[in-house]
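> As input, take input_29.cif (mmCIF, C-alpha atoms):
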```
data_target
#
loop_
_atom_site.group_PDB
_atom_site.id
_atom_site.type_symbol
_atom_site.label_atom_id
_atom_site.label_comp_id
_atom_site.auth_asym_id
_atom_site.auth_seq_id
_atom_site.Cartn_x
_atom_site.Cartn_y
_atom_site.Cartn_z
ATOM 1 C CA MET A 1298 40.555 -1.583 -42.468
ATOM 2 C CA ASP A 1299 37.515 -2.024 -40.214
ATOM 3 C CA TRP A 1300 39.030 -1.463 -36.786
ATOM 4 C CA VAL A 1301 37.577 -0.637 -33.360
ATOM 5 C CA ARG A 1302 38.804 0.140 -29.842
ATOM 6 C CA VAL A 1303 36.212 -1.449 -27.578
ATOM 7 C CA LYS A 1304 36.491 0.977 -24.649
ATOM 8 C CA ASP A 1305 35.751 3.933 -26.936
ATOM 9 C CA ARG A 1306 32.394 2.420 -27.816
ATOM 10 C CA LEU A 1307 30.967 1.735 -24.347
ATOM 11 C CA GLN A 1308 27.476 3.171 -23.968
ATOM 12 C CA PHE A 1309 25.012 2.676 -21.132
ATOM 13 C CA SER A 1310 21.396 3.653 -20.719
ATOM 14 C CA GLU A 1311 19.190 3.806 -17.639
ATOM 15 C CA GLU A 1312 16.335 2.492 -19.774
ATOM 16 C CA ARG A 1313 17.721 -0.774 -21.108
ATOM 17 C CA MET A 1314 20.837 -2.712 -22.027
ATOM 18 C CA GLN A 1315 22.745 -1.287 -24.961
ATOM 19 C CA LYS A 1316 23.750 -3.450 -27.923
ATOM 20 C CA ILE A 1317 26.335 -1.753 -30.140
ATOM 21 C CA LEU A 1318 27.463 -3.087 -33.507
ATOM 22 C CA LEU A 1319 31.265 -2.962 -33.699
ATOM 23 C CA LEU A 1320 32.270 -4.913 -36.808
ATOM 24 C CA ARG A 1321 30.143 -6.501 -39.505
ATOM 25 C CA GLY A 1322 31.252 -8.953 -42.193
ATOM 26 C CA SER A 1323 29.157 -11.031 -44.564
ATOM 27 C CA ARG A 1324 29.653 -14.166 -42.419
ATOM 28 C CA GLY A 1325 30.036 -12.861 -38.884
ATOM 29 C CA GLN A 1326 29.743 -9.745 -36.752
ATOM 30 C CA LEU A 1327 30.928 -8.446 -33.407
ATOM 31 C CA ASP A 1328 28.549 -6.682 -31.011
ATOM 32 C CA LEU A 1329 29.169 -4.980 -27.675
ATOM 33 C CA TYR A 1330 26.636 -5.407 -24.855
ATOM 34 C CA CYS A 1331 26.564 -2.891 -21.985
ATOM 35 C CA LEU A 1332 24.264 -3.668 -19.061
ATOM 36 C CA ARG A 1333 23.738 -1.739 -15.865
ATOM 37 C CA PRO A 1334 22.931 -3.805 -12.772
ATOM 38 C CA GLY A 1335 19.529 -5.463 -13.147
ATOM 39 C CA GLN A 1336 19.373 -5.094 -16.943
ATOM 40 C CA ALA A 1337 18.949 -8.213 -19.052
ATOM 41 C CA GLN A 1338 18.521 -9.733 -22.449
ATOM 42 C CA LYS A 1339 15.581 -12.070 -21.964
ATOM 43 C CA PRO A 1340 16.033 -15.684 -23.015
ATOM 44 C CA HIS A 1341 15.279 -16.136 -26.710
ATOM 45 C CA ALA A 1342 16.391 -18.393 -29.553
ATOM 46 C CA HIS A 1343 17.490 -17.983 -33.182
ATOM 47 C CA GLY A 1344 17.146 -21.030 -35.385
ATOM 48 C CA ASP A 1345 19.916 -19.936 -37.639
ATOM 49 C CA LEU A 1346 22.784 -18.325 -35.760
ATOM 50 C CA ASP A 1347 25.476 -19.033 -33.202
ATOM 51 C CA LYS A 1348 26.424 -16.522 -30.513
ATOM 52 C CA ILE A 1349 29.615 -16.518 -28.480
ATOM 53 C CA TYR A 1350 29.593 -14.341 -25.353
ATOM 54 C CA LEU A 1351 32.915 -13.065 -23.970
ATOM 55 C CA GLY A 1352 32.999 -11.391 -20.555
ATOM 56 C CA VAL A 1353 34.971 -8.109 -20.557
ATOM 57 C CA GLU A 1354 33.970 -6.261 -17.352
ATOM 58 C CA GLY A 1355 31.703 -7.109 -14.449
ATOM 59 C CA THR A 1356 29.909 -10.362 -13.817
ATOM 60 C CA GLY A 1357 26.831 -11.623 -15.611
ATOM 61 C CA ARG A 1358 24.633 -14.652 -15.417
ATOM 62 C CA VAL A 1359 24.077 -16.442 -18.706
ATOM 63 C CA THR A 1360 21.338 -18.967 -19.380
ATOM 64 C CA ILE A 1361 21.816 -21.338 -22.298
ATOM 65 C CA GLY A 1362 19.436 -24.187 -22.965
ATOM 66 C CA GLY A 1363 18.025 -23.917 -19.441
ATOM 67 C CA GLU A 1364 21.464 -24.143 -17.836
ATOM 68 C CA GLU A 1365 22.761 -21.128 -15.870
ATOM 69 C CA ARG A 1366 26.228 -19.997 -14.916
ATOM 70 C CA SER A 1367 28.104 -16.828 -14.095
ATOM 71 C CA LEU A 1368 30.347 -15.270 -16.718
ATOM 72 C CA GLU A 1369 33.456 -13.440 -15.548
ATOM 73 C CA PRO A 1370 35.876 -11.306 -17.564
ATOM 74 C CA GLY A 1371 38.030 -13.527 -19.768
ATOM 75 C CA GLU A 1372 35.443 -16.310 -19.927
ATOM 76 C CA ALA A 1373 33.481 -17.264 -23.037
ATOM 77 C CA VAL A 1374 30.410 -19.399 -23.710
ATOM 78 C CA LEU A 1375 28.673 -20.654 -26.826
ATOM 79 C CA ALA A 1376 24.942 -20.244 -27.439
ATOM 80 C CA PRO A 1377 24.463 -22.649 -30.369
ATOM 81 C CA ALA A 1378 21.939 -22.005 -33.127
ATOM 82 C CA GLY A 1379 18.446 -23.030 -32.031
ATOM 83 C CA VAL A 1380 19.171 -23.037 -28.301
ATOM 84 C CA GLU A 1381 17.444 -20.554 -25.993
ATOM 85 C CA HIS A 1382 19.869 -18.098 -24.392
ATOM 86 C CA GLY A 1383 19.866 -14.922 -22.349
ATOM 87 C CA VAL A 1384 21.935 -12.860 -19.946
ATOM 88 C CA ILE A 1385 21.328 -10.713 -16.879
ATOM 89 C CA ASN A 1386 23.586 -8.392 -14.962
ATOM 90 C CA ASP A 1387 22.970 -9.742 -11.486
ATOM 91 C CA GLY A 1388 26.053 -8.011 -10.061
ATOM 92 C CA ARG A 1389 26.610 -4.566 -8.545
ATOM 93 C CA ASP A 1390 28.833 -3.211 -11.342
ATOM 94 C CA ALA A 1391 28.368 -2.498 -15.014
ATOM 95 C CA LEU A 1392 28.530 -5.581 -17.229
ATOM 96 C CA VAL A 1393 30.368 -5.398 -20.548
ATOM 97 C CA MET A 1394 30.438 -8.309 -22.978
ATOM 98 C CA LEU A 1395 31.628 -8.859 -26.523
ATOM 99 C CA VAL A 1396 29.233 -10.984 -28.548
ATOM 100 C CA PHE A 1397 30.231 -12.684 -31.760
ATOM 101 C CA VAL A 1398 27.301 -13.552 -34.001
ATOM 102 C CA ALA A 1399 27.455 -15.856 -37.032
ATOM 103 C CA PRO A 1400 25.996 -15.345 -39.487
ATOM 104 C CA PRO A 1401 25.212 -11.629 -39.024
ATOM 105 C CA PRO A 1402 21.488 -11.120 -38.365
ATOM 106 C CA SER A 1403 19.602 -9.640 -41.271
ATOM 107 C CA HIS A 1404 17.541 -7.300 -39.070
ATOM 108 C CA MET B 835 27.187 -25.548 -21.649
ATOM 109 C CA ASP B 836 30.319 -25.040 -23.760
ATOM 110 C CA TRP B 837 32.322 -22.679 -21.578
ATOM 111 C CA VAL B 838 35.991 -21.683 -21.452
ATOM 112 C CA ARG B 839 38.302 -19.530 -19.317
ATOM 113 C CA VAL B 840 40.753 -18.043 -21.805
ATOM 114 C CA LYS B 841 43.767 -17.756 -19.487
ATOM 115 C CA ASP B 842 43.602 -21.471 -18.667
ATOM 116 C CA ARG B 843 44.108 -22.315 -22.330
ATOM 117 C CA LEU B 844 47.225 -20.254 -23.126
ATOM 118 C CA GLN B 845 49.895 -22.335 -24.789
ATOM 119 C CA PHE B 846 53.149 -21.188 -26.385
ATOM 120 C CA SER B 847 55.735 -23.020 -28.427
ATOM 121 C CA GLU B 848 59.284 -22.058 -29.372
ATOM 122 C CA GLU B 849 58.651 -23.600 -32.772
ATOM 123 C CA ARG B 850 55.652 -21.697 -34.037
ATOM 124 C CA MET B 851 52.566 -19.734 -33.081
ATOM 125 C CA GLN B 852 49.884 -21.785 -31.350
ATOM 126 C CA LYS B 853 46.286 -21.789 -32.533
ATOM 127 C CA ILE B 854 43.925 -23.306 -29.974
ATOM 128 C CA LEU B 855 40.266 -24.068 -30.630
ATOM 129 C CA LEU B 856 38.156 -22.793 -27.718
ATOM 130 C CA LEU B 857 34.521 -23.008 -28.815
ATOM 131 C CA ARG B 858 32.986 -24.437 -31.961
ATOM 132 C CA GLY B 859 29.438 -24.034 -33.210
ATOM 133 C CA SER B 860 27.934 -24.937 -36.556
ATOM 134 C CA ARG B 861 28.045 -21.267 -37.706
ATOM 135 C CA GLY B 862 31.015 -19.806 -35.879
ATOM 136 C CA GLN B 863 33.997 -20.686 -33.716
ATOM 137 C CA LEU B 864 36.417 -19.021 -31.308
ATOM 138 C CA ASP B 865 40.165 -19.649 -31.547
ATOM 139 C CA LEU B 866 43.021 -18.478 -29.327
ATOM 140 C CA TYR B 867 46.316 -17.419 -30.943
ATOM 141 C CA CYS B 868 49.503 -17.364 -28.843
ATOM 142 C CA LEU B 869 52.622 -15.907 -30.489
ATOM 143 C CA ARG B 870 56.071 -15.425 -29.025
ATOM 144 C CA PRO B 871 57.998 -12.402 -30.295
ATOM 145 C CA GLY B 872 58.876 -12.849 -33.969
ATOM 146 C CA GLN B 873 56.235 -15.520 -34.624
ATOM 147 C CA ALA B 874 53.643 -14.904 -37.329
ATOM 148 C CA GLN B 875 50.702 -16.169 -39.290
ATOM 149 C CA LYS B 876 51.695 -15.428 -42.861
ATOM 150 C CA PRO B 877 49.251 -13.481 -44.998
ATOM 151 C CA HIS B 878 46.693 -15.804 -46.586
ATOM 152 C CA ALA B 879 43.087 -15.610 -47.755
ATOM 153 C CA HIS B 880 39.940 -17.720 -47.381
ATOM 154 C CA GLY B 881 37.258 -17.173 -49.976
ATOM 155 C CA ASP B 882 34.511 -18.230 -47.670
ATOM 156 C CA LEU B 883 35.056 -17.022 -44.115
ATOM 157 C CA ASP B 884 35.298 -13.870 -42.010
ATOM 158 C CA LYS B 885 37.806 -13.511 -39.177
ATOM 159 C CA ILE B 886 37.653 -10.994 -36.372
ATOM 160 C CA TYR B 887 40.870 -10.512 -34.383
ATOM 161 C CA LEU B 888 40.666 -9.225 -30.812
ATOM 162 C CA GLY B 889 43.862 -8.196 -29.000
ATOM 163 C CA VAL B 890 44.112 -9.633 -25.461
ATOM 164 C CA GLU B 891 47.789 -9.278 -24.408
ATOM 165 C CA GLY B 892 50.843 -7.786 -26.083
ATOM 166 C CA THR B 893 50.983 -5.881 -29.348
ATOM 167 C CA GLY B 894 50.764 -7.373 -32.807
ATOM 168 C CA ARG B 895 50.865 -6.048 -36.320
ATOM 169 C CA VAL B 896 47.986 -7.115 -38.523
ATOM 170 C CA THR B 897 47.921 -6.905 -42.292
ATOM 171 C CA ILE B 898 44.529 -6.945 -44.013
ATOM 172 C CA GLY B 899 44.181 -6.350 -47.734
ATOM 173 C CA GLY B 900 47.687 -4.881 -47.913
ATOM 174 C CA GLU B 901 46.998 -2.393 -45.116
ATOM 175 C CA GLU B 902 48.968 -2.691 -41.859
ATOM 176 C CA ARG B 903 48.304 -1.511 -38.361
ATOM 177 C CA SER B 904 49.184 -2.405 -34.788
ATOM 178 C CA LEU B 905 46.644 -4.200 -32.656
ATOM 179 C CA GLU B 906 46.601 -3.495 -28.920
ATOM 180 C CA PRO B 907 44.633 -5.242 -26.163
ATOM 181 C CA GLY B 908 40.962 -4.292 -26.395
ATOM 182 C CA GLU B 909 41.111 -3.504 -30.113
ATOM 183 C CA ALA B 910 39.425 -5.594 -32.820
ATOM 184 C CA VAL B 911 39.715 -5.753 -36.615
ATOM 185 C CA LEU B 912 37.775 -7.540 -39.321
ATOM 186 C CA ALA B 913 39.439 -9.655 -42.010
ATOM 187 C CA PRO B 914 36.550 -10.056 -44.472
ATOM 188 C CA ALA B 915 36.063 -13.213 -46.530
ATOM 189 C CA GLY B 916 38.309 -13.206 -49.587
ATOM 190 C CA VAL B 917 40.733 -10.570 -48.287
ATOM 191 C CA GLU B 918 44.368 -11.493 -47.563
ATOM 192 C CA HIS B 919 45.259 -11.201 -43.880
ATOM 193 C CA GLY B 920 48.044 -12.071 -41.496
ATOM 194 C CA VAL B 921 49.565 -11.153 -38.151
ATOM 195 C CA ILE B 922 53.048 -10.919 -36.661
ATOM 196 C CA ASN B 923 54.214 -10.415 -33.109
ATOM 197 C CA ASP B 924 56.634 -7.581 -33.721
ATOM 198 C CA GLY B 925 56.756 -6.652 -30.027
ATOM 199 C CA ARG B 926 58.971 -7.813 -27.154
ATOM 200 C CA ASP B 927 56.233 -9.594 -25.197
ATOM 201 C CA ALA B 928 53.985 -12.546 -25.827
ATOM 202 C CA LEU B 929 51.007 -11.800 -28.071
ATOM 203 C CA VAL B 930 47.608 -13.273 -27.231
ATOM 204 C CA MET B 931 44.595 -12.784 -29.502
ATOM 205 C CA LEU B 932 41.084 -14.145 -29.660
ATOM 206 C CA VAL B 933 39.949 -14.915 -33.198
ATOM 207 C CA PHE B 934 36.304 -15.353 -34.179
ATOM 208 C CA VAL B 935 35.867 -17.344 -37.354
ATOM 209 C CA ALA B 936 32.612 -17.645 -39.333
ATOM 210 C CA PRO B 937 31.756 -20.114 -40.608
ATOM 211 C CA PRO B 938 33.970 -22.621 -38.765
ATOM 212 C CA PRO B 939 36.607 -23.994 -41.138
ATOM 213 C CA SER B 940 36.019 -27.576 -42.232
ATOM 214 C CA HIS B 941 39.703 -28.541 -41.943
#
```
Write out the structure in this file as structure tokens.

Amino acid sequence: MDWVRVKDRLQFSEERMQKILLLRGSRGQLDLYCLRPGQAQKPHAHGDLDKIYLGVEGTGRVTIGGEERSLEPGEAVLAPAGVEHGVINDGRDALVMLVFVAPPPSH
Amino acid sequence: MDWVRVKDRLQFSEERMQKILLLRGSRGQLDLYCLRPGQAQKPHAHGDLDKIYLGVEGTGRVTIGGEERSLEPGEAVLAPAGVEHGVINDGRDALVMLVFVAPPPSH
């Protein structure tokens, strides 16, 4: 059984945000994002995949389709296929998010 | 922006487990499962979709491909397309899980 305890997989870097693959199926996968304050994933778009961000720790600011809002632990947002999206840790604490991606990216 | 605060959407029933749609894209969706003690989703299989279970509150017992294990808050497991899977709340407290489904079921 492909199983993971999220807190065992946390990993931060001074250089850039860390994106850690947790679970990968043929139709969907689960990633973990770990961002120190000031780190970001710049806005970008995928024509072919949906992302769902779930806040786990800290507070981030997500941008989806030009709209911005903060994301707190226990909140989730959808970045639909084809829509530009990004996230920045604009808080003072580490930001941890779970990110569901469907379908799994080929790269 | 399609956004949701998970705790605002909790919903339990004495009759059966509750499955609540939180976010739906064209490639993936996020459901919330709320199970009182003793409630279950019986083992079943989908040929065409992956599920990822994430424990949020309480302890459940997941069965995937005939293998069983407990799922605690902050743990995630993959039920790959085509593999039989199910979950039961075998604890004494309410069980809350987030379930990523890819692709979104048509029914």
> Can you give me, as a list in words, the residues this file yields under the PyMOL selection byres ((chain A) within 6 of (chain B))?
Asp1299, Trp1300, Val1301, Arg1302, Val1303, Gly1322, Arg1324, Gly1325, Asp1347, Gly1371, Glu1372, Ala1373, Val1374, Leu1375, Pro1377 and Ala1399 of chain A
> Rotate and translate chain A onto chain B via least squares on all in-order Cα pairs, then write the result as a PDB file with C-alpha atoms, in the frame of the given file.

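Listing of out_11.pdb after writing:
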```pdb
ATOM      1  CA  MET A1298      27.197 -25.554 -21.633  1.00  0.00           C
ATOM      2  CA  ASP A1299      30.326 -25.037 -23.745  1.00  0.00           C
ATOM      3  CA  TRP A1300      32.333 -22.683 -21.556  1.00  0.00           C
ATOM      4  CA  VAL A1301      36.006 -21.670 -21.442  1.00  0.00           C
ATOM      5  CA  ARG A1302      38.317 -19.518 -19.318  1.00  0.00           C
ATOM      6  CA  VAL A1303      40.768 -18.045 -21.807  1.00  0.00           C
ATOM      7  CA  LYS A1304      43.781 -17.746 -19.488  1.00  0.00           C
ATOM      8  CA  ASP A1305      43.604 -21.462 -18.665  1.00  0.00           C
ATOM      9  CA  ARG A1306      44.116 -22.303 -22.321  1.00  0.00           C
ATOM     10  CA  LEU A1307      47.216 -20.231 -23.122  1.00  0.00           C
ATOM     11  CA  GLN A1308      49.904 -22.331 -24.783  1.00  0.00           C
ATOM     12  CA  PHE A1309      53.147 -21.190 -26.376  1.00  0.00           C
ATOM     13  CA  SER A1310      55.746 -23.007 -28.410  1.00  0.00           C
ATOM     14  CA  GLU A1311      59.292 -22.051 -29.355  1.00  0.00           C
ATOM     15  CA  GLU A1312      58.671 -23.613 -32.762  1.00  0.00           C
ATOM     16  CA  ARG A1313      55.655 -21.696 -34.025  1.00  0.00           C
ATOM     17  CA  MET A1314      52.560 -19.741 -33.070  1.00  0.00           C
ATOM     18  CA  GLN A1315      49.900 -21.790 -31.336  1.00  0.00           C
ATOM     19  CA  LYS A1316      46.289 -21.784 -32.528  1.00  0.00           C
ATOM     20  CA  ILE A1317      43.920 -23.304 -29.968  1.00  0.00           C
ATOM     21  CA  LEU A1318      40.264 -24.064 -30.633  1.00  0.00           C
ATOM     22  CA  LEU A1319      38.165 -22.780 -27.725  1.00  0.00           C
ATOM     23  CA  LEU A1320      34.526 -23.010 -28.815  1.00  0.00           C
ATOM     24  CA  ARG A1321      32.990 -24.453 -31.958  1.00  0.00           C
ATOM     25  CA  GLY A1322      29.418 -24.040 -33.196  1.00  0.00           C
ATOM     26  CA  SER A1323      27.919 -24.936 -36.555  1.00  0.00           C
ATOM     27  CA  ARG A1324      28.047 -21.284 -37.702  1.00  0.00           C
ATOM     28  CA  GLY A1325      31.023 -19.808 -35.882  1.00  0.00           C
ATOM     29  CA  GLN A1326      34.006 -20.698 -33.726  1.00  0.00           C
ATOM     30  CA  LEU A1327      36.414 -19.023 -31.343  1.00  0.00           C
ATOM     31  CA  ASP A1328      40.165 -19.650 -31.551  1.00  0.00           C
ATOM     32  CA  LEU A1329      43.022 -18.475 -29.344  1.00  0.00           C
ATOM     33  CA  TYR A1330      46.316 -17.416 -30.950  1.00  0.00           C
ATOM     34  CA  CYS A1331      49.505 -17.352 -28.852  1.00  0.00           C
ATOM     35  CA  LEU A1332      52.617 -15.901 -30.480  1.00  0.00           C
ATOM     36  CA  ARG A1333      56.061 -15.415 -29.024  1.00  0.00           C
ATOM     37  CA  PRO A1334      58.009 -12.403 -30.296  1.00  0.00           C
ATOM     38  CA  GLY A1335      58.869 -12.847 -33.973  1.00  0.00           C
ATOM     39  CA  GLN A1336      56.233 -15.528 -34.631  1.00  0.00           C
ATOM     40  CA  ALA A1337      53.643 -14.903 -37.325  1.00  0.00           C
ATOM     41  CA  GLN A1338      50.711 -16.165 -39.285  1.00  0.00           C
ATOM     42  CA  LYS A1339      51.710 -15.433 -42.864  1.00  0.00           C
ATOM     43  CA  PRO A1340      49.263 -13.469 -44.992  1.00  0.00           C
ATOM     44  CA  HIS A1341      46.696 -15.766 -46.592  1.00  0.00           C
ATOM     45  CA  ALA A1342      43.082 -15.581 -47.738  1.00  0.00           C
ATOM     46  CA  HIS A1343      39.926 -17.694 -47.389  1.00  0.00           C
ATOM     47  CA  GLY A1344      37.252 -17.145 -49.997  1.00  0.00           C
ATOM     48  CA  ASP A1345      34.521 -18.209 -47.681  1.00  0.00           C
ATOM     49  CA  LEU A1346      35.059 -17.002 -44.131  1.00  0.00           C
ATOM     50  CA  ASP A1347      35.292 -13.872 -42.023  1.00  0.00           C
ATOM     51  CA  LYS A1348      37.805 -13.519 -39.195  1.00  0.00           C
ATOM     52  CA  ILE A1349      37.659 -11.004 -36.373  1.00  0.00           C
ATOM     53  CA  TYR A1350      40.882 -10.531 -34.396  1.00  0.00           C
ATOM     54  CA  LEU A1351      40.675  -9.230 -30.813  1.00  0.00           C
ATOM     55  CA  GLY A1352      43.862  -8.196 -29.012  1.00  0.00           C
ATOM     56  CA  VAL A1353      44.108  -9.644 -25.476  1.00  0.00           C
ATOM     57  CA  GLU A1354      47.777  -9.283 -24.428  1.00  0.00           C
ATOM     58  CA  GLY A1355      50.828  -7.784 -26.079  1.00  0.00           C
ATOM     59  CA  THR A1356      50.975  -5.893 -29.335  1.00  0.00           C
ATOM     60  CA  GLY A1357      50.750  -7.365 -32.808  1.00  0.00           C
ATOM     61  CA  ARG A1358      50.867  -6.057 -36.318  1.00  0.00           C
ATOM     62  CA  VAL A1359      47.978  -7.118 -38.522  1.00  0.00           C
ATOM     63  CA  THR A1360      47.923  -6.904 -42.301  1.00  0.00           C
ATOM     64  CA  ILE A1361      44.541  -6.937 -44.012  1.00  0.00           C
ATOM     65  CA  GLY A1362      44.176  -6.359 -47.721  1.00  0.00           C
ATOM     66  CA  GLY A1363      47.683  -4.893 -47.903  1.00  0.00           C
ATOM     67  CA  GLU A1364      46.993  -2.392 -45.123  1.00  0.00           C
ATOM     68  CA  GLU A1365      48.974  -2.695 -41.864  1.00  0.00           C
ATOM     69  CA  ARG A1366      48.310  -1.507 -38.349  1.00  0.00           C
ATOM     70  CA  SER A1367      49.183  -2.402 -34.789  1.00  0.00           C
ATOM     71  CA  LEU A1368      46.633  -4.216 -32.656  1.00  0.00           C
ATOM     72  CA  GLU A1369      46.595  -3.505 -28.931  1.00  0.00           C
ATOM     73  CA  PRO A1370      44.636  -5.260 -26.182  1.00  0.00           C
ATOM     74  CA  GLY A1371      40.968  -4.292 -26.390  1.00  0.00           C
ATOM     75  CA  GLU A1372      41.121  -3.523 -30.111  1.00  0.00           C
ATOM     76  CA  ALA A1373      39.435  -5.588 -32.817  1.00  0.00           C
ATOM     77  CA  VAL A1374      39.708  -5.767 -36.604  1.00  0.00           C
ATOM     78  CA  LEU A1375      37.782  -7.544 -39.329  1.00  0.00           C
ATOM     79  CA  ALA A1376      39.446  -9.664 -42.013  1.00  0.00           C
ATOM     80  CA  PRO A1377      36.546 -10.055 -44.470  1.00  0.00           C
ATOM     81  CA  ALA A1378      36.048 -13.201 -46.531  1.00  0.00           C
ATOM     82  CA  GLY A1379      38.313 -13.190 -49.584  1.00  0.00           C
ATOM     83  CA  VAL A1380      40.742 -10.572 -48.285  1.00  0.00           C
ATOM     84  CA  GLU A1381      44.365 -11.485 -47.571  1.00  0.00           C
ATOM     85  CA  HIS A1382      45.257 -11.197 -43.883  1.00  0.00           C
ATOM     86  CA  GLY A1383      48.044 -12.069 -41.489  1.00  0.00           C
ATOM     87  CA  VAL A1384      49.575 -11.152 -38.154  1.00  0.00           C
ATOM     88  CA  ILE A1385      53.049 -10.925 -36.650  1.00  0.00           C
ATOM     89  CA  ASN A1386      54.215 -10.414 -33.108  1.00  0.00           C
ATOM     90  CA  ASP A1387      56.632  -7.571 -33.711  1.00  0.00           C
ATOM     91  CA  GLY A1388      56.761  -6.645 -30.015  1.00  0.00           C
ATOM     92  CA  ARG A1389      58.961  -7.809 -27.137  1.00  0.00           C
ATOM     93  CA  ASP A1390      56.211  -9.602 -25.182  1.00  0.00           C
ATOM     94  CA  ALA A1391      53.966 -12.559 -25.832  1.00  0.00           C
ATOM     95  CA  LEU A1392      51.002 -11.795 -28.083  1.00  0.00           C
ATOM     96  CA  VAL A1393      47.602 -13.272 -27.255  1.00  0.00           C
ATOM     97  CA  MET A1394      44.591 -12.795 -29.512  1.00  0.00           C
ATOM     98  CA  LEU A1395      41.075 -14.171 -29.676  1.00  0.00           C
ATOM     99  CA  VAL A1396      39.977 -14.936 -33.220  1.00  0.00           C
ATOM    100  CA  PHE A1397      36.362 -15.403 -34.180  1.00  0.00           C
ATOM    101  CA  VAL A1398      35.876 -17.362 -37.387  1.00  0.00           C
ATOM    102  CA  ALA A1399      32.606 -17.637 -39.323  1.00  0.00           C
ATOM    103  CA  PRO A1400      31.723 -20.087 -40.603  1.00  0.00           C
ATOM    104  CA  PRO A1401      33.941 -22.616 -38.781  1.00  0.00           C
ATOM    105  CA  PRO A1402      36.600 -24.006 -41.140  1.00  0.00           C
ATOM    106  CA  SER A1403      35.982 -27.559 -42.228  1.00  0.00           C
ATOM    107  CA  HIS A1404      39.644 -28.573 -41.877  1.00  0.00           C
TER     108      HIS A1404
END
```
> To one decimal place in Å, what is the distance between atom CA of Val1359 of chain A and atom CA of Asn1386 of chain A?
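Between atom CA of Val1359 of chain A and atom CA of Asn1386 of chain A the gap works out to 8.9 Å.
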> Would you list the residues near (60.8, -7.8, -28.0), meaning any protein, DNA or RNA residue with an atom at most 12 Å from that point in file coordinates, counting all atoms listed in the file, as a list in words?
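Protein, DNA and RNA residues close to (60.8, -7.8, -28.0): Leu869, Arg870, Pro871, Gly872, Gln873, Gly892, Thr893, Gly894, Asn923, Asp924, Gly925, Arg926, Asp927, Ala928 and Leu929 of chain B.
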> Of the candidates B:Gly916, B:Arg850, B:Ser940, B:Leu932, which one gets nearest to Ala879 of chain B if we count all atoms listed in the file?
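Of B:Gly916, B:Arg850, B:Ser940, B:Leu932, the one nearest Ala879 of chain B, counting all atoms listed in the file, is B:Gly916.
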> Please expand the PyMOL selection byres ((chain A and resi 1339) around 9) into the concrete residues it hits in this file, giving the result as a list of chain:residue names.
A:Ala1337, A:Gln1338, A:Pro1340, A:His1341, A:His1382, A:Gly1383, A:Val1384, A:Ile1385
> Applying the PyMOL selection byres ((chain B and resi 854) around 7) to the file I just gave you, which residues come out? Please list them as a VMD selection string.
chain B and resid 852 to 853 855 to 856 865 to 867
> Could you tell me how far atom CA of Ser1367 of chain A lies from atom CA of Met1314 of chain A, in Å and to one decimal?
17.7 Å
> Find the distance between atom CA of Arg895 of chain B and atom CA of Val933 of chain B and write it in Å to one decimal.
14.4 Å
> Kindly indicate which residue among A:Glu1312, A:Val1393, A:Cys1331, A:Glu1381 lies nearest to His1343 of chain A, using all atoms listed in the file for the distances.
A:Glu1381
> What does segment 888-899 of chain B look like written to a file with N, CA and C atoms, as a PDB file, in the first residue's frame?

```
ATOM      1  N   LEU B 888      -6.781  11.328   2.669  1.00  0.00           N
ATOM      2  CA  LEU B 888      -5.967  12.058   3.644  1.00  0.00           C
ATOM      3  C   LEU B 888      -6.731  12.125   4.959  1.00  0.00           C
ATOM      4  N   GLY B 889      -6.137  11.612   6.034  1.00  0.00           N
ATOM      5  CA  GLY B 889      -6.773  11.668   7.352  1.00  0.00           C
ATOM      6  C   GLY B 889      -6.734  13.081   7.909  1.00  0.00           C
ATOM      7  N   VAL B 890      -7.864  13.564   8.425  1.00  0.00           N
ATOM      8  CA  VAL B 890      -7.963  14.920   8.981  1.00  0.00           C
ATOM      9  C   VAL B 890      -8.274  14.882  10.479  1.00  0.00           C
ATOM     10  N   GLU B 891      -9.260  14.082  10.875  1.00  0.00           N
ATOM     11  CA  GLU B 891      -9.628  13.923  12.296  1.00  0.00           C
ATOM     12  C   GLU B 891     -10.028  12.482  12.532  1.00  0.00           C
ATOM     13  N   GLY B 892      -9.722  11.976  13.724  1.00  0.00           N
ATOM     14  CA  GLY B 892     -10.116  10.609  14.068  1.00  0.00           C
ATOM     15  C   GLY B 892      -9.223   9.581  13.395  1.00  0.00           C
ATOM     16  N   THR B 893      -9.533   8.323  13.627  1.00  0.00           N
ATOM     17  CA  THR B 893      -8.735   7.233  13.067  1.00  0.00           C
ATOM     18  C   THR B 893      -9.646   6.301  12.290  1.00  0.00           C
ATOM     19  N   GLY B 894      -9.243   5.982  11.072  1.00  0.00           N
ATOM     20  CA  GLY B 894     -10.010   5.047  10.267  1.00  0.00           C
ATOM     21  C   GLY B 894      -9.166   3.839   9.932  1.00  0.00           C
ATOM     22  N   ARG B 895      -9.827   2.866   9.338  1.00  0.00           N
ATOM     23  CA  ARG B 895      -9.104   1.689   8.848  1.00  0.00           C
ATOM     24  C   ARG B 895      -9.385   1.597   7.361  1.00  0.00           C
ATOM     25  N   VAL B 896      -8.349   1.712   6.564  1.00  0.00           N
ATOM     26  CA  VAL B 896      -8.519   1.627   5.116  1.00  0.00           C
ATOM     27  C   VAL B 896      -8.100   0.246   4.632  1.00  0.00           C
ATOM     28  N   THR B 897      -8.805  -0.215   3.624  1.00  0.00           N
ATOM     29  CA  THR B 897      -8.467  -1.473   2.962  1.00  0.00           C
ATOM     30  C   THR B 897      -8.226  -1.149   1.497  1.00  0.00           C
ATOM     31  N   ILE B 898      -7.061  -1.511   0.994  1.00  0.00           N
ATOM     32  CA  ILE B 898      -6.722  -1.259  -0.411  1.00  0.00           C
ATOM     33  C   ILE B 898      -6.081  -2.517  -0.973  1.00  0.00           C
ATOM     34  N   GLY B 899      -6.728  -3.109  -1.964  1.00  0.00           N
ATOM     35  CA  GLY B 899      -6.191  -4.321  -2.571  1.00  0.00           C
ATOM     36  C   GLY B 899      -6.002  -5.440  -1.561  1.00  0.00           C
TER      37      GLY B 899
END
```
